[in-house]
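Undergrad: If it helps, the file is called structure21.cif and holds mmCIF, C-alpha atoms and all ligand atoms:
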```cif
data_upload
loop_
_atom_site.label_atom_id
_atom_site.label_comp_id
_atom_site.auth_asym_id
_atom_site.auth_seq_id
_atom_site.Cartn_x
_atom_site.Cartn_y
_atom_site.Cartn_z
CA MET L 29 259.07 -173.69 95.20
CA SER L 30 258.92 -175.23 98.65
CA SER L 31 258.63 -178.97 99.03
CA SER L 32 255.75 -180.69 100.74
CA SER L 33 256.79 -182.51 103.90
CA HIS L 34 253.70 -184.65 104.48
CA SER L 35 253.08 -186.27 101.12
CA PRO L 36 252.11 -189.97 101.24
CA SER L 37 254.11 -190.57 98.06
CA PRO L 38 257.54 -192.23 98.09
CA ALA L 39 259.04 -188.76 97.69
CA GLY L 40 257.27 -187.83 100.92
CA SER L 41 259.18 -190.44 102.89
CA VAL L 42 262.44 -189.18 101.42
CA ALA L 43 261.45 -185.67 102.48
CA GLY L 44 260.69 -187.00 105.95
CA VAL L 45 264.12 -188.58 106.28
CA GLU L 46 265.72 -185.39 105.01
CA SER L 47 263.72 -183.31 107.47
CA THR L 48 264.80 -185.54 110.36
CA ALA L 49 268.43 -185.14 109.31
CA HIS L 50 268.00 -181.40 109.03
CA ILE L 51 266.50 -181.21 112.51
CA ALA L 52 269.46 -183.08 113.95
CA VAL L 53 271.86 -180.64 112.28
CA MET L 54 269.90 -177.65 113.51
CA GLU L 55 269.72 -178.99 117.07
CA LYS L 56 273.50 -179.27 117.09
CA VAL L 57 274.02 -175.81 115.59
CA ILE L 58 271.59 -174.20 118.02
CA ALA L 59 273.14 -175.98 121.03
CA GLU L 60 276.59 -174.76 119.99
CA GLY L 61 275.53 -171.21 119.20
CA ARG L 62 272.83 -170.25 121.66
CA GLN L 63 275.23 -168.84 124.28
CA LEU L 64 276.95 -166.51 121.81
CA PRO L 65 276.20 -162.80 122.11
CA GLY L 66 273.70 -161.95 119.39
CA ALA L 67 273.27 -165.66 118.75
CA LEU L 68 270.55 -165.40 116.13
CA LEU L 69 272.69 -164.37 113.16
CA PRO L 70 275.54 -166.82 113.82
CA ILE L 71 273.01 -169.63 114.17
CA LEU L 72 271.26 -168.70 110.92
CA HIS L 73 274.58 -168.52 109.09
CA ALA L 74 275.68 -171.86 110.49
CA ILE L 75 272.41 -173.54 109.48
CA GLN L 76 272.70 -172.21 105.94
CA ASP L 77 276.36 -173.24 105.78
CA GLU L 78 275.43 -176.76 106.87
CA LEU L 79 272.23 -177.28 104.89
CA GLY L 80 272.52 -174.81 102.01
CA TYR L 81 269.36 -173.03 103.14
CA ILE L 82 267.19 -172.42 106.18
CA PRO L 83 264.20 -174.77 106.34
CA VAL L 84 262.00 -172.20 108.02
CA ASP L 85 259.09 -174.43 109.01
CA ASP L 86 261.35 -176.35 111.38
CA ALA L 87 264.09 -173.80 112.00
CA VAL L 88 262.01 -170.83 113.10
CA PRO L 89 260.22 -172.49 116.04
CA MET L 90 263.39 -174.28 117.14
CA ILE L 91 265.46 -171.08 117.14
CA ALA L 92 262.71 -168.97 118.68
CA ASP L 93 262.32 -171.42 121.56
CA ALA L 94 266.05 -171.72 122.14
CA LEU L 95 266.70 -167.97 122.12
CA ASN L 96 263.50 -166.93 123.84
CA GLN L 97 262.44 -164.82 120.90
CA THR L 98 259.18 -164.74 119.02
CA ARG L 99 258.79 -166.60 115.75
CA ALA L 100 257.99 -163.28 114.08
CA GLU L 101 261.34 -161.87 115.22
CA VAL L 102 263.23 -164.83 113.79
CA HIS L 103 261.24 -164.71 110.55
CA GLY L 104 261.88 -160.98 110.32
CA VAL L 105 265.65 -161.40 110.47
CA ILE L 106 265.63 -164.22 107.90
CA SER L 107 263.60 -162.18 105.45
CA PHE L 108 265.58 -158.96 106.08
CA TYR L 109 268.87 -160.44 104.88
CA HIS L 110 268.84 -161.49 101.23
CA HIS L 111 271.78 -163.72 101.97
CA PHE L 112 269.50 -166.26 103.63
CA ARG L 113 267.78 -168.80 101.41
CA THR L 114 264.55 -170.41 102.51
CA THR L 115 264.44 -173.03 99.78
CA ALA L 116 267.06 -175.58 98.85
CA PRO L 117 269.47 -174.25 96.20
CA GLY L 118 270.39 -176.01 92.98
CA ASP L 119 273.48 -178.18 92.65
CA HIS L 120 275.56 -175.05 91.99
CA VAL L 121 275.10 -171.52 93.31
CA VAL L 122 276.30 -168.79 90.95
CA GLN L 123 276.61 -165.36 92.56
CA VAL L 124 277.06 -162.31 90.34
CA CYS L 125 278.69 -159.23 91.83
CA ARG L 126 276.44 -156.21 91.38
CA ALA L 127 278.57 -153.69 93.24
CA GLU L 128 279.91 -150.53 91.66
CA ALA L 129 283.43 -151.55 90.61
CA CYS L 130 282.17 -154.63 88.79
CA GLN L 131 279.37 -152.63 87.20
CA ALA L 132 282.00 -150.24 85.82
CA LEU L 133 283.76 -153.23 84.27
CA GLY L 134 280.72 -154.66 82.50
CA ALA L 135 278.86 -156.63 85.16
CA ARG L 136 275.48 -155.40 84.01
CA ALA L 137 275.88 -156.80 80.50
CA LEU L 138 277.24 -160.03 81.92
CA GLU L 139 274.31 -160.28 84.31
CA GLY L 140 271.89 -159.93 81.37
CA HIS L 141 273.69 -162.66 79.48
CA ILE L 142 273.68 -165.00 82.46
CA LYS L 143 269.98 -164.53 83.14
CA GLN L 144 269.15 -165.14 79.51
CA ARG L 145 271.41 -168.17 79.28
CA LEU L 146 270.02 -169.75 82.44
CA GLY L 147 266.43 -168.63 81.87
CA VAL L 148 266.09 -167.49 85.47
CA ASP L 149 266.20 -164.28 87.47
CA TYR L 150 267.99 -163.72 90.76
CA HIS L 151 266.91 -165.97 93.61
CA GLN L 152 265.67 -168.60 91.16
CA THR L 153 266.91 -172.05 90.21
CA THR L 154 267.03 -173.50 86.71
CA ALA L 155 264.29 -175.98 85.84
CA ASP L 156 266.78 -178.86 85.89
CA GLY L 157 267.77 -177.97 89.45
CA GLN L 158 271.40 -177.42 88.51
CA VAL L 159 272.02 -173.72 89.02
CA THR L 160 270.72 -171.14 91.48
CA LEU L 161 271.44 -167.53 90.56
CA GLU L 162 272.03 -164.94 93.27
CA PRO L 163 273.27 -161.34 93.43
CA VAL L 164 276.13 -160.43 95.70
CA TYR L 165 277.57 -157.05 96.59
CA CYS L 166 281.37 -157.18 96.35
CA LEU L 167 283.48 -160.29 96.48
CA GLY L 168 286.70 -158.45 97.29
CA ASN L 169 287.88 -158.93 93.72
CA CYS L 170 287.04 -155.42 92.53
CA SER L 171 289.99 -154.72 90.23
CA CYS L 172 289.36 -157.93 88.30
CA GLY L 173 285.67 -157.55 87.58
CA PRO L 174 283.21 -158.55 86.49
CA SER L 175 283.39 -161.09 89.29
CA LEU L 176 281.41 -164.22 90.05
CA ARG L 177 281.45 -166.77 92.80
CA VAL L 178 280.60 -170.35 92.00
CA GLY L 179 280.44 -172.38 95.15
CA ASP L 180 283.51 -171.25 97.09
CA LYS L 181 285.50 -170.19 94.05
CA ILE L 182 285.76 -166.55 92.98
CA LEU L 183 286.29 -165.85 89.29
CA GLY L 184 287.43 -162.53 87.81
CA ARG L 185 287.25 -160.90 84.38
CA VAL L 186 284.31 -163.07 83.46
CA SER L 187 283.07 -162.55 79.92
CA ALA L 188 279.92 -163.98 78.39
CA ALA L 189 282.02 -166.59 76.60
CA ARG L 190 283.84 -167.52 79.80
CA PHE L 191 280.54 -167.89 81.61
CA ASP L 192 279.24 -170.16 78.84
CA ALA L 193 282.33 -172.34 79.19
CA LEU L 194 281.88 -172.41 82.95
CA LEU L 195 278.26 -173.43 82.56
CA ASP L 196 279.24 -176.24 80.20
CA SER L 197 281.76 -177.50 82.73
CA LEU L 198 279.17 -177.39 85.53
CA GLN L 199 276.71 -179.34 83.44
CA THR L 200 279.24 -182.00 82.52
CA ARG L 201 280.72 -182.24 86.03
CA PRO L 202 277.63 -182.43 88.22
CA VAL L 203 279.14 -181.43 91.57
CA GLU L 204 282.85 -180.78 91.26
CA VAL L 205 283.42 -177.09 90.57
CA LEU L 206 286.68 -176.40 92.35
S1 LIG L 301 282.76 -154.67 93.25
FE1 LIG L 301 282.67 -156.67 92.45
S2 LIG L 301 284.18 -157.72 93.58
FE2 LIG L 301 284.14 -155.75 94.49
#
```
When written as structure tokens, how does the structure in this file appear?

TA:
Amino acid sequence: MSSSSHSPSPAGSVAGVESTAHIAVMEKVIAEGRQLPGALLPILHAIQDELGYIPVDDAVPMIADALNQTRAEVHGVISFYHHFRTTAPGDHVVQVCRAEACQALGARALEGHIKQRLGVDYHQTTADGQVTLEPVYCLGNCSCGPSLRVGDKILGRVSAARFDALLDSLQTRPVEVL
């Protein structure tokens, strides 16, 4: 769900402040990255690293102007790569490896358990805003699958029970995962 940026409600003013902060971050990222060869992808990655997602309504025109590309071209790249989020993620991002080695070690069953436990599918966030679920294709931890990444931490040999314990710890420790 995308947030409204022009609501007259108190939440609207918070969104406005947030948008202003996001624009300042994006201006800095674009200024630093625009001279790089193939600048579009590094800029998009840097924006998502800084903000957790790419606020397309503001980002696309800013990037298009800076790189002399059309808005459609920028939009096309953002939508081509599943890595890029266009809505703010939950407090925690859980990525489940769907690549072959992890599948051979039980990732598919684990994935089913996680979706059922969270009540969401990939690219969705739980109703309480705590967890966003995403697929990923190899975390470089192939011999220890099934593998997950939670924030910056990669976990191996994750069972359903271990995931449940992880989820409990995320819910009792709102931000600190590592
Ligand atoms: S296949 Fe899952 S970490 Fe490589």

Undergrad: Name the closest residue to ligand LIG 301 (chain L) among the candidates L:Ala189, L:Ala132, L:Ile106, L:Ile142; distances are taken between atoms, counting only C-alpha atoms and all ligand atoms.

TA: L:Ala132

Undergrad: With all atoms listed in the file counted, collect every polymer residue having an atom within 12 Å of ligand LIG 301 (chain L); state the result as an NGL selection string.

TA: :L and (123-136 or 163-177 or 182-186)

Undergrad: For each of L:Leu68, L:Arg145, L:Thr160, L:Leu79, take the minimum atom-to-atom distance to L:Ile51, counting all atoms listed in the file, then give the residue where this is smallest.

TA: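 Checking each of L:Leu68, L:Arg145, L:Thr160, L:Leu79 against L:Ile51, counting all atoms listed in the file, the winner is L:Leu79.
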
Undergrad: Could you tell me how far atom CA of L:Asp86 lies from atom CA of L:Val102, in Å and to one decimal?

TA: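 The value is 11.9 Å.
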
Undergrad: Leaving out L:His141 and any residue of its chain fewer than 2 positions from it, which residues lie within 10 Å of it when counting all atoms listed in the file, given as a short mmCIF file (atom, residue, chain, number, x, y, z; two decimals) with C-alpha atoms, in the frame of the given file?

TA:
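Result file out_36.cif:
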```
data_model
loop_
_atom_site.label_atom_id
_atom_site.label_comp_id
_atom_site.auth_asym_id
_atom_site.auth_seq_id
_atom_site.Cartn_x
_atom_site.Cartn_y
_atom_site.Cartn_z
CA ALA L 135 278.86 -156.63 85.16
CA ARG L 136 275.48 -155.40 84.01
CA ALA L 137 275.88 -156.80 80.50
CA LEU L 138 277.24 -160.03 81.92
CA GLU L 139 274.31 -160.28 84.31
CA LYS L 143 269.98 -164.53 83.14
CA GLN L 144 269.15 -165.14 79.51
CA ARG L 145 271.41 -168.17 79.28
CA LEU L 146 270.02 -169.75 82.44
CA GLY L 147 266.43 -168.63 81.87
CA SER L 187 283.07 -162.55 79.92
CA ALA L 188 279.92 -163.98 78.39
CA ALA L 189 282.02 -166.59 76.60
CA PHE L 191 280.54 -167.89 81.61
CA ASP L 192 279.24 -170.16 78.84
#
```

Undergrad: For atom CA of L:Val122 and atom CA of L:Leu161, quote the distance in Å rounded to one decimal.

TA: 5.0 Å

Undergrad: Would you mind putting back N, CA and C atoms on stretch 134-145 of chain L, then writing it out as a compact mmCIF listing (two decimals), in the frame of the given file?

TA:
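Final output, part-v2.txt:
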```txt
# COMPACT_ATOMS: atom_id res chain seq x y z
N GLY L 134 281.57 -153.89 83.41
CA GLY L 134 280.72 -154.66 82.50
C GLY L 134 279.82 -155.70 83.15
N ALA L 135 279.65 -155.61 84.48
CA ALA L 135 278.86 -156.63 85.16
C ALA L 135 277.40 -156.63 84.73
N ARG L 136 276.91 -155.45 84.36
CA ARG L 136 275.48 -155.40 84.01
C ARG L 136 275.19 -156.19 82.73
N ALA L 137 276.07 -156.04 81.74
CA ALA L 137 275.88 -156.80 80.50
C ALA L 137 276.05 -158.29 80.76
N LEU L 138 277.02 -158.62 81.60
CA LEU L 138 277.24 -160.03 81.92
C LEU L 138 276.02 -160.62 82.64
N GLU L 139 275.50 -159.84 83.56
CA GLU L 139 274.31 -160.28 84.31
C GLU L 139 273.15 -160.58 83.34
N GLY L 140 272.96 -159.71 82.35
CA GLY L 140 271.89 -159.93 81.37
C GLY L 140 272.12 -161.21 80.60
N HIS L 141 273.36 -161.44 80.22
CA HIS L 141 273.69 -162.66 79.48
C HIS L 141 273.42 -163.90 80.33
N ILE L 142 273.83 -163.84 81.59
CA ILE L 142 273.68 -165.00 82.46
C ILE L 142 272.20 -165.32 82.68
N LYS L 143 271.42 -164.30 82.92
CA LYS L 143 269.98 -164.53 83.14
C LYS L 143 269.34 -165.14 81.90
N GLN L 144 269.73 -164.61 80.75
CA GLN L 144 269.15 -165.14 79.51
C GLN L 144 269.60 -166.57 79.28
N ARG L 145 270.87 -166.82 79.52
CA ARG L 145 271.41 -168.17 79.28
C ARG L 145 270.78 -169.20 80.22
```
